[in-house]
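Shown here: model22.tsv, TSV, C-alpha atoms.
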```tsv
chain	number	residue	atom	x	y	z
A	1	MET	CA	55.94	60.92	73.22
A	2	SER	CA	55.95	64.66	72.49
A	3	ILE	CA	57.04	67.84	74.21
A	4	LYS	CA	54.19	69.20	76.32
A	5	LEU	CA	52.86	72.63	75.48
A	6	GLY	CA	53.66	75.45	77.87
A	7	ILE	CA	56.60	73.81	79.64
A	8	TYR	CA	58.81	76.88	79.02
A	9	ASP	CA	56.28	79.35	80.45
A	10	PRO	CA	56.47	79.77	84.26
A	11	THR	CA	53.02	81.40	84.20
A	12	THR	CA	51.44	78.22	82.85
A	13	VAL	CA	53.41	76.03	85.24
A	14	LYS	CA	52.44	78.18	88.22
A	15	LEU	CA	48.79	78.21	87.16
A	16	LYS	CA	48.75	74.40	87.07
A	17	GLU	CA	50.25	74.31	90.57
A	18	THR	CA	47.72	76.88	91.80
A	19	ILE	CA	44.80	74.83	90.49
A	20	VAL	CA	46.05	71.78	92.40
A	21	LEU	CA	46.47	73.86	95.55
A	22	ALA	CA	43.00	75.39	95.15
A	23	LYS	CA	41.42	71.95	94.93
A	24	GLU	CA	43.30	70.77	98.02
A	25	CYS	CA	42.15	73.85	99.96
A	26	GLY	CA	38.49	73.44	99.00
A	27	THR	CA	38.37	76.67	97.00
A	28	ASP	CA	35.03	77.68	95.48
A	29	PRO	CA	34.50	75.44	92.41
A	30	LYS	CA	33.64	78.51	90.32
A	31	VAL	CA	37.08	79.97	91.04
A	32	ILE	CA	38.77	76.68	90.12
A	33	GLU	CA	36.69	76.51	86.93
A	34	ALA	CA	37.83	80.02	86.00
A	35	MET	CA	41.48	79.11	86.57
A	36	GLU	CA	41.11	75.94	84.51
A	37	GLU	CA	39.54	77.98	81.71
A	38	SER	CA	42.51	80.37	81.85
A	39	LEU	CA	44.90	77.43	81.56
A	40	LYS	CA	42.88	76.02	78.67
A	41	LEU	CA	43.13	79.34	76.83
A	42	CYS	CA	46.92	79.26	77.18
A	43	GLN	CA	47.02	75.73	75.81
A	44	LEU	CA	44.62	76.55	72.96
A	45	ARG	CA	46.77	79.52	71.97
A	46	ASP	CA	49.90	77.37	71.84
A	47	GLN	CA	48.13	74.65	69.89
A	48	ALA	CA	46.65	77.15	67.43
A	49	THR	CA	50.13	78.58	66.89
A	50	LEU	CA	51.51	75.15	66.01
A	51	ASP	CA	48.50	74.19	63.89
A	52	THR	CA	48.69	77.40	61.84
A	53	THR	CA	52.45	77.24	61.28
A	54	THR	CA	53.66	75.54	58.10
A	55	LYS	CA	54.24	71.82	58.66
A	56	GLN	CA	57.74	70.46	59.08
A	57	SER	CA	59.50	68.37	56.46
A	58	PRO	CA	59.53	64.55	56.62
A	59	THR	CA	63.19	64.66	57.67
A	60	CYS	CA	62.48	67.08	60.51
A	61	ALA	CA	59.53	64.92	61.59
A	62	LYS	CA	61.88	61.93	61.63
A	63	ILE	CA	64.33	63.83	63.82
A	64	VAL	CA	61.55	64.70	66.26
A	65	GLU	CA	60.40	61.09	66.50
A	66	GLU	CA	63.89	59.73	67.08
A	67	THR	CA	64.79	62.46	69.57
A	68	ASN	CA	61.67	61.79	71.63
A	69	ASN	CA	62.08	58.00	71.58
A	70	HIS	CA	65.85	57.72	71.93
A	71	ASP	CA	67.06	56.13	75.16
A	72	TRP	CA	69.16	59.09	76.28
A	73	LYS	CA	69.36	57.89	79.87
A	74	THR	CA	71.05	54.61	78.88
A	75	VAL	CA	73.34	56.42	76.44
A	76	PHE	CA	74.51	58.67	79.28
A	77	GLU	CA	74.85	55.80	81.76
A	78	GLN	CA	77.03	53.95	79.24
A	79	LYS	CA	79.19	57.11	79.05
A	80	LYS	CA	78.59	57.54	75.33
A	81	THR	CA	77.81	61.22	76.02
A	82	THR	CA	79.31	63.60	78.55
A	83	CYS	CA	75.93	64.93	79.69
A	84	ASN	CA	72.42	63.55	80.02
A	85	LEU	CA	70.77	64.77	76.82
A	86	MET	CA	66.98	65.25	76.75
A	87	PRO	CA	64.31	65.84	74.05
A	88	VAL	CA	63.55	69.26	75.53
A	89	MET	CA	66.90	70.41	74.12
A	90	MET	CA	65.55	70.14	70.57
A	91	SER	CA	64.48	73.39	68.89
A	92	GLY	CA	61.40	71.85	67.29
A	93	HIS	CA	58.66	72.69	64.81
A	94	LEU	CA	57.72	76.30	65.60
A	95	GLU	CA	61.26	77.53	66.09
A	96	GLY	CA	62.43	75.61	63.03
A	97	GLN	CA	59.86	77.33	60.83
A	98	PHE	CA	60.71	80.70	62.35
A	99	LEU	CA	64.38	80.17	61.46
A	100	LYS	CA	63.45	79.15	57.92
A	101	SER	CA	61.25	82.21	57.43
A	102	TYR	CA	63.73	84.69	58.90
A	103	LEU	CA	66.82	83.33	57.15
A	104	SER	CA	65.07	82.99	53.79
A	105	ALA	CA	63.97	86.64	54.03
A	106	GLN	CA	67.58	87.56	54.86
A	107	LYS	CA	68.68	85.48	51.87
A	108	ALA	CA	71.28	83.77	54.03
A	109	LYS	CA	73.77	81.47	52.33
A	110	ARG	CA	76.13	80.40	55.12
A	111	VAL	CA	74.94	79.70	58.66
A	112	LEU	CA	76.74	78.67	61.84
A	113	ASP	CA	74.69	76.43	64.16
A	114	ILE	CA	76.13	76.29	67.68
A	115	GLY	CA	74.68	73.28	69.47
A	116	MET	CA	73.66	70.60	66.96
A	117	PHE	CA	72.02	68.04	69.29
A	118	THR	CA	69.97	65.82	66.93
A	119	GLY	CA	70.18	68.22	64.00
A	120	TYR	CA	66.70	69.75	63.93
A	121	SER	CA	67.80	73.38	63.67
A	122	ALA	CA	70.59	72.53	61.21
A	123	MET	CA	68.19	70.70	58.91
A	124	SER	CA	65.51	73.38	59.20
A	125	MET	CA	68.00	76.03	58.11
A	126	ALA	CA	69.63	73.88	55.42
A	127	GLU	CA	66.24	73.36	53.76
A	128	ILE	CA	65.99	77.05	52.77
A	129	LEU	CA	69.60	77.62	51.70
A	130	PRO	CA	70.58	77.77	48.01
A	131	GLU	CA	72.25	74.74	46.43
A	132	ASP	CA	75.70	76.06	47.28
A	133	GLY	CA	74.70	77.15	50.80
A	134	GLU	CA	76.09	75.57	53.96
A	135	VAL	CA	75.18	75.08	57.60
A	136	VAL	CA	78.22	74.42	59.79
A	137	THR	CA	76.84	72.78	62.92
A	138	LEU	CA	78.93	72.40	66.07
A	139	ASP	CA	78.64	70.02	68.99
A	140	ILE	CA	80.86	68.60	71.70
A	141	GLU	CA	79.26	65.13	71.71
A	142	ASP	CA	80.90	62.75	69.24
A	143	TYR	CA	78.03	60.26	69.77
A	144	LEU	CA	75.64	62.64	68.02
A	145	LYS	CA	77.56	62.78	64.74
A	146	GLY	CA	76.64	59.29	63.56
A	147	LEU	CA	73.08	59.64	64.85
A	148	VAL	CA	72.48	62.89	62.96
A	149	GLU	CA	74.14	61.63	59.78
A	150	ASP	CA	71.76	58.68	59.78
A	151	LEU	CA	68.71	60.87	60.46
A	152	ILE	CA	69.41	63.28	57.59
A	153	LYS	CA	70.83	60.85	55.01
A	154	ASP	CA	67.62	60.70	52.95
A	155	SER	CA	67.13	64.46	52.74
A	156	PRO	CA	68.09	66.19	49.48
A	157	HIS	CA	69.52	68.97	51.67
A	158	GLN	CA	71.87	66.81	53.75
A	159	SER	CA	74.88	67.79	51.61
A	160	LYS	CA	74.52	71.39	52.83
A	161	ILE	CA	75.21	70.36	56.44
A	162	ARG	CA	78.77	70.05	57.74
A	163	ILE	CA	79.15	68.62	61.23
A	164	VAL	CA	82.10	69.68	63.36
A	165	ILE	CA	82.69	67.90	66.68
A	166	GLY	CA	84.82	69.60	69.31
A	167	ASN	CA	85.03	72.64	71.53
A	168	ALA	CA	82.81	75.27	69.90
A	169	LEU	CA	84.80	78.22	71.20
A	170	GLU	CA	88.05	76.86	69.78
A	171	THR	CA	86.39	76.01	66.47
A	172	MET	CA	84.92	79.49	66.19
A	173	ALA	CA	88.23	81.13	67.05
A	174	ASN	CA	89.95	79.09	64.34
A	175	MET	CA	87.30	80.05	61.79
A	176	ARG	CA	87.62	83.70	62.75
A	177	ASP	CA	91.40	83.56	62.40
A	178	ASN	CA	90.97	82.05	58.92
A	179	GLY	CA	88.59	84.80	57.82
A	180	VAL	CA	85.47	82.63	57.71
A	181	LYS	CA	82.19	84.58	57.57
A	182	PHE	CA	78.57	83.62	58.20
A	183	ASP	CA	75.36	85.39	57.28
A	184	ALA	CA	73.78	84.18	60.51
A	185	VAL	CA	74.73	82.40	63.72
A	186	PHE	CA	72.17	80.38	65.68
A	187	MET	CA	73.13	79.79	69.31
A	188	ASP	CA	71.46	76.89	71.07
A	189	ALA	CA	74.17	75.53	73.33
A	190	SER	CA	75.21	75.90	76.97
A	191	LYS	CA	73.56	79.04	78.33
A	192	ASP	CA	76.53	79.64	80.62
A	193	GLU	CA	78.71	80.06	77.53
A	194	TYR	CA	76.46	82.32	75.43
A	195	GLU	CA	78.39	85.44	76.34
A	196	ASP	CA	81.60	83.68	75.35
A	197	TYR	CA	80.17	82.76	71.96
A	198	PHE	CA	78.80	86.23	71.42
A	199	ARG	CA	81.62	88.42	72.66
A	200	LEU	CA	85.06	87.18	73.68
A	201	ARG	CA	87.64	89.85	74.29
A	202	SER	CA	91.40	89.41	73.99
A	203	GLY	CA	93.06	89.86	77.37
A	204	ALA	CA	89.76	90.01	79.28
A	205	SER	CA	89.39	88.83	82.88
A	206	ARG	CA	87.19	85.91	84.04
A	207	ARG	CA	83.75	86.41	82.52
A	208	ILE	CA	80.62	87.23	84.49
A	209	ILE	CA	79.42	83.65	84.88
A	210	LEU	CA	82.20	81.11	84.28
A	211	LEU	CA	84.89	82.29	81.87
A	212	LEU	CA	85.89	84.90	79.34
A	213	LEU	CA	88.31	83.50	76.81
A	214	SER	CA	90.84	85.39	74.71
A	215	SER	CA	89.11	85.85	71.34
A	216	ILE	CA	86.61	88.22	69.78
A	217	ILE	CA	83.97	86.14	67.99
A	218	CYS	CA	80.64	86.61	66.22
A	219	LEU	CA	79.64	90.26	65.79
A	220	ASP	CA	82.63	91.74	67.61
A	221	GLY	CA	85.09	89.47	65.84
A	222	ASN	CA	83.46	89.77	62.41
A	223	LEU	CA	82.63	86.07	62.23
A	224	VAL	CA	79.22	87.39	61.20
A	225	ALA	CA	79.25	89.05	57.79
A	226	PRO	CA	78.05	92.64	57.30
A	227	GLY	CA	74.26	92.70	57.52
A	228	GLY	CA	74.24	89.40	59.38
A	229	THR	CA	72.33	88.26	62.46
A	230	VAL	CA	73.03	86.42	65.70
A	231	ILE	CA	69.98	84.42	66.79
A	232	ILE	CA	70.04	83.30	70.42
A	233	ASP	CA	67.70	80.57	71.64
A	234	ASN	CA	66.26	80.16	75.16
A	235	ALA	CA	66.32	83.89	75.88
A	236	TYR	CA	63.81	83.43	78.72
A	237	TYR	CA	65.25	80.08	79.85
A	238	PHE	CA	62.11	78.95	81.67
A	239	GLY	CA	61.53	82.48	82.98
A	240	THR	CA	64.87	82.95	84.72
A	241	LEU	CA	65.51	86.04	82.57
A	242	TYR	CA	62.94	87.96	84.60
A	243	THR	CA	62.65	85.90	87.81
A	244	GLU	CA	66.31	85.38	88.77
A	245	PRO	CA	68.39	88.59	88.48
A	246	ASP	CA	71.65	86.76	89.21
A	247	SER	CA	71.14	83.97	86.66
A	248	SER	CA	73.33	83.59	83.58
A	249	THR	CA	70.20	84.25	81.48
A	250	ALA	CA	69.69	87.62	83.17
A	251	LYS	CA	73.39	88.46	82.74
A	252	ILE	CA	73.13	87.80	79.01
A	253	GLY	CA	70.16	90.16	78.82
A	254	GLU	CA	72.09	92.76	80.81
A	255	MET	CA	75.06	92.44	78.50
A	256	LEU	CA	72.90	92.91	75.41
A	257	ARG	CA	71.10	95.94	76.88
A	258	GLY	CA	74.48	97.51	77.60
A	259	ARG	CA	75.56	97.41	73.97
A	260	SER	CA	74.46	100.66	72.29
A	261	ASP	CA	76.03	99.46	69.04
A	262	LEU	CA	73.54	96.60	68.75
A	263	HIS	CA	69.91	96.35	67.71
A	264	VAL	CA	68.18	93.68	69.82
A	265	VAL	CA	64.69	92.18	69.58
A	266	LEU	CA	63.43	89.53	71.99
A	267	VAL	CA	60.76	87.49	70.20
A	268	PRO	CA	58.37	85.59	72.56
A	269	ILE	CA	58.46	82.33	70.60
A	270	ARG	CA	58.73	79.10	72.62
A	271	ASP	CA	61.42	79.87	75.25
A	272	GLY	CA	62.27	83.26	73.75
A	273	ILE	CA	64.58	84.14	70.86
A	274	TYR	CA	66.95	87.11	70.60
A	275	LEU	CA	67.56	88.62	67.19
A	276	VAL	CA	70.79	90.61	67.43
A	277	ARG	CA	72.18	92.77	64.64
A	278	ARG	CA	74.64	95.60	64.33
A	279	ARG	CA	72.78	98.87	64.81
A	280	ALA	CA	74.53	100.28	61.73
A	281	ASP	CA	72.82	97.58	59.65
A	282	VAL	CA	69.40	98.52	61.00
A	283	ASP	CA	69.35	102.31	61.28
A	284	GLY	CA	67.95	104.00	58.22
A	285	GLY	CA	69.32	107.11	56.58
A	286	VAL	CA	67.74	110.54	56.19
A	287	VAL	CA	67.93	113.11	53.41
```
In structure tokens, write the structure found in this file.
Amino acid sequence: MSIKLGIYDPTTVKLKETIVLAKECGTDPKVIEAMEESLKLCQLRDQATLDTTTKQSPTCAKIVEETNNHDWKTVFEQKKTTCNLMPVMMSGHLEGQFLKSYLSAQKAKRVLDIGMFTGYSAMSMAEILPEDGEVVTLDIEDYLKGLVEDLIKDSPHQSKIRIVIGNALETMANMRDNGVKFDAVFMDASKDEYEDYFRLRSGASRRIILLLLSSIICLDGNLVAPGGTVIIDNAYYFGTLYTEPDSSTAKIGEMLRGRSDLHVVLVPIRDGIYLVRRRADVDGGVV
């Protein structure tokens, strides 16, 4: 079992639905053929992207296999997890290699991974860190800790990964209060809480979507070291960024656009990735 190509792109999904509808309505076969060719081009592009990208490590491949074959439904029904986890939640090959390339170029040493799941992003990032580097990966599901530890035990990089189970917001606030710094933060957790993770203001009212808690974290709270980056996964979130103006995804985009002190790039990889840095770290000087 593997993740199907194009599942994050509403254009591809809609095109598939349109082809089915066209066949049911007796549309000219030449028109249907043209639509099918368009769909094929989308699929070929995605496949070429994966085929050209550097292959994943044996440990990452092992994580993919276990994630896809794990009986998540039974695990949830037995109340071993608080939510019904699914393979689609895994960052995967392309995004993993993107993280490795970006963070190695940044020469990152300490990384915070918010939303561990089965450990794919944590392992991908750990593989490029120096010997004394560390990925602190957070998750709320205690069930995942033992699973991930078993999946990464044979990797020479497993010692760089520290798993912390608990409420991510509380953990981050504690780290901030203790002066902990990270070169990069990768957010791949609940989309309704992204704004909390990114910017939590002391004394603020209820946040736009669900809650604003009383801490300043990440860039605003200096949890990210000078020159560091916040990387936010699922920026498009299956297209809701640009199809549903009232969605939490759109609100995150609105919040980022409203911050003149930030430099933001939305990279159209997989389900979209935000690269967010302090503008002062990006703007060049002049003589």
Item to complete: Using only C-alpha atoms, give me every residue within 9 Å of (78.1, 91.6, 56.3) in file coordinates, as a list in words.
Response: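 The answer, in the requested form, is Lys181, Phe182, Asp183, Asn222, Val224, Ala225, Pro226, Gly227, Gly228 and Asp281 of chain A.
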Practice prompt. Considering only C-alpha atoms, return as a ChimeraX atom specification whatever protein or nucleic-acid residues lie within 12 Å of Lys62 in chain A, sequence-local ones (same chain, fewer than 4 positions apart) excluded.
Written response: /A:56-58,66-70,92-93,118-120,123,147-148,150-155
Fill in: Best match for closeness to Leu275 in chain A among A:Leu99, A:Leu169, A:Leu15, A:Ile7, counting all atoms listed in the file
A:Leu99
Enclosing box along x, y and z for every listed atom of range 55-65 of chain A, padded 3 Å each side, centre and size in Å, one decimal, as lines of an AutoDock Vina configuration file:
```
center_x = 59.3
center_y = 66.5
center_z = 61.5
size_x = 16.1
size_y = 16.7
size_z = 16.0
```
Worksheet item: Which is closest to Cys42 in chain A among A:Val13, A:Ala250, A:Met175, A:Leu223, if we use all atoms listed in the file?
Response: A:Val13
Discussion item. When you count only C-alpha atoms, which of these residues is closest to Gly115 in chain A: A:Ala189, A:Ile273, A:Leu85, A:Met255?
Written reply: A:Ala189
Could I see range 20-31 of chain A restored to all heavy atoms, set down as an mmCIF file, in the frame of the given file?
```cif
data_model
loop_
_atom_site.group_PDB
_atom_site.id
_atom_site.type_symbol
_atom_site.label_atom_id
_atom_site.label_comp_id
_atom_site.auth_asym_id
_atom_site.auth_seq_id
_atom_site.Cartn_x
_atom_site.Cartn_y
_atom_site.Cartn_z
ATOM 1 N N VAL A 20 45.935 72.917 91.484
ATOM 2 C CA VAL A 20 46.050 71.780 92.400
ATOM 3 C C VAL A 20 45.886 72.237 93.840
ATOM 4 O O VAL A 20 45.162 71.620 94.634
ATOM 5 C CB VAL A 20 47.414 71.072 92.210
ATOM 6 C CG1 VAL A 20 47.606 69.999 93.288
ATOM 7 C CG2 VAL A 20 47.506 70.442 90.822
ATOM 8 N N LEU A 21 46.554 73.332 94.195
ATOM 9 C CA LEU A 21 46.470 73.860 95.550
ATOM 10 C C LEU A 21 45.039 74.296 95.890
ATOM 11 O O LEU A 21 44.545 74.045 96.999
ATOM 12 C CB LEU A 21 47.425 75.046 95.704
ATOM 13 C CG LEU A 21 47.455 75.739 97.073
ATOM 14 C CD1 LEU A 21 47.892 74.753 98.151
ATOM 15 C CD2 LEU A 21 48.402 76.947 97.033
ATOM 16 N N ALA A 22 44.373 74.929 94.927
ATOM 17 C CA ALA A 22 43.000 75.390 95.150
ATOM 18 C C ALA A 22 42.062 74.228 95.425
ATOM 19 O O ALA A 22 41.184 74.309 96.295
ATOM 20 C CB ALA A 22 42.523 76.189 93.938
ATOM 21 N N LYS A 23 42.248 73.135 94.716
ATOM 22 C CA LYS A 23 41.420 71.950 94.930
ATOM 23 C C LYS A 23 41.682 71.353 96.306
ATOM 24 O O LYS A 23 40.753 70.924 96.996
ATOM 25 C CB LYS A 23 41.676 70.924 93.830
ATOM 26 C CG LYS A 23 41.156 71.349 92.461
ATOM 27 C CD LYS A 23 41.454 70.304 91.405
ATOM 28 C CE LYS A 23 40.897 70.716 90.052
ATOM 29 N NZ LYS A 23 41.190 69.707 88.981
ATOM 30 N N GLU A 24 42.944 71.326 96.711
ATOM 31 C CA GLU A 24 43.300 70.770 98.020
ATOM 32 C C GLU A 24 42.739 71.628 99.164
ATOM 33 O O GLU A 24 42.419 71.106 100.234
ATOM 34 C CB GLU A 24 44.821 70.670 98.143
ATOM 35 C CG GLU A 24 45.441 69.633 97.220
ATOM 36 C CD GLU A 24 46.970 69.653 97.294
ATOM 37 O OE1 GLU A 24 47.514 70.609 97.883
ATOM 38 O OE2 GLU A 24 47.604 68.712 96.754
ATOM 39 N N CYS A 25 42.623 72.931 98.921
ATOM 40 C CA CYS A 25 42.150 73.850 99.960
ATOM 41 C C CYS A 25 40.628 74.030 99.955
ATOM 42 O O CYS A 25 40.094 74.803 100.753
ATOM 43 C CB CYS A 25 42.813 75.210 99.795
ATOM 44 S SG CYS A 25 44.595 75.195 100.056
ATOM 45 N N GLY A 26 39.942 73.331 99.058
ATOM 46 C CA GLY A 26 38.490 73.440 99.000
ATOM 47 C C GLY A 26 38.004 74.782 98.487
ATOM 48 O O GLY A 26 36.946 75.279 98.906
ATOM 49 N N THR A 27 38.750 75.386 97.583
ATOM 50 C CA THR A 27 38.370 76.670 97.000
ATOM 51 C C THR A 27 37.043 76.557 96.235
ATOM 52 O O THR A 27 36.725 75.494 95.700
ATOM 53 C CB THR A 27 39.474 77.174 96.056
ATOM 54 O OG1 THR A 27 40.709 77.263 96.797
ATOM 55 C CG2 THR A 27 39.154 78.539 95.471
ATOM 56 N N ASP A 28 36.300 77.640 96.195
ATOM 57 C CA ASP A 28 35.030 77.680 95.480
ATOM 58 C C ASP A 28 35.202 77.081 94.078
ATOM 59 O O ASP A 28 36.073 77.519 93.314
ATOM 60 C CB ASP A 28 34.568 79.140 95.358
ATOM 61 C CG ASP A 28 33.153 79.269 94.780
ATOM 62 O OD1 ASP A 28 32.749 78.406 93.980
ATOM 63 O OD2 ASP A 28 32.473 80.246 95.135
ATOM 64 N N PRO A 29 34.405 76.086 93.719
ATOM 65 C CA PRO A 29 34.500 75.440 92.410
ATOM 66 C C PRO A 29 34.440 76.419 91.240
ATOM 67 O O PRO A 29 35.055 76.179 90.197
ATOM 68 C CB PRO A 29 33.302 74.494 92.392
ATOM 69 C CG PRO A 29 33.066 74.180 93.825
ATOM 70 C CD PRO A 29 33.362 75.455 94.560
ATOM 71 N N LYS A 30 33.723 77.534 91.402
ATOM 72 C CA LYS A 30 33.640 78.510 90.320
ATOM 73 C C LYS A 30 34.991 79.177 90.081
ATOM 74 O O LYS A 30 35.344 79.497 88.946
ATOM 75 C CB LYS A 30 32.590 79.572 90.658
ATOM 76 C CG LYS A 30 31.152 79.050 90.628
ATOM 77 C CD LYS A 30 30.162 80.166 90.885
ATOM 78 C CE LYS A 30 28.726 79.647 90.814
ATOM 79 N NZ LYS A 30 27.736 80.729 91.065
ATOM 80 N N VAL A 31 35.752 79.375 91.162
ATOM 81 C CA VAL A 31 37.080 79.970 91.040
ATOM 82 C C VAL A 31 38.021 78.981 90.340
ATOM 83 O O VAL A 31 38.800 79.349 89.450
ATOM 84 C CB VAL A 31 37.647 80.349 92.421
ATOM 85 C CG1 VAL A 31 39.087 80.851 92.290
ATOM 86 C CG2 VAL A 31 36.777 81.402 93.078
#
```
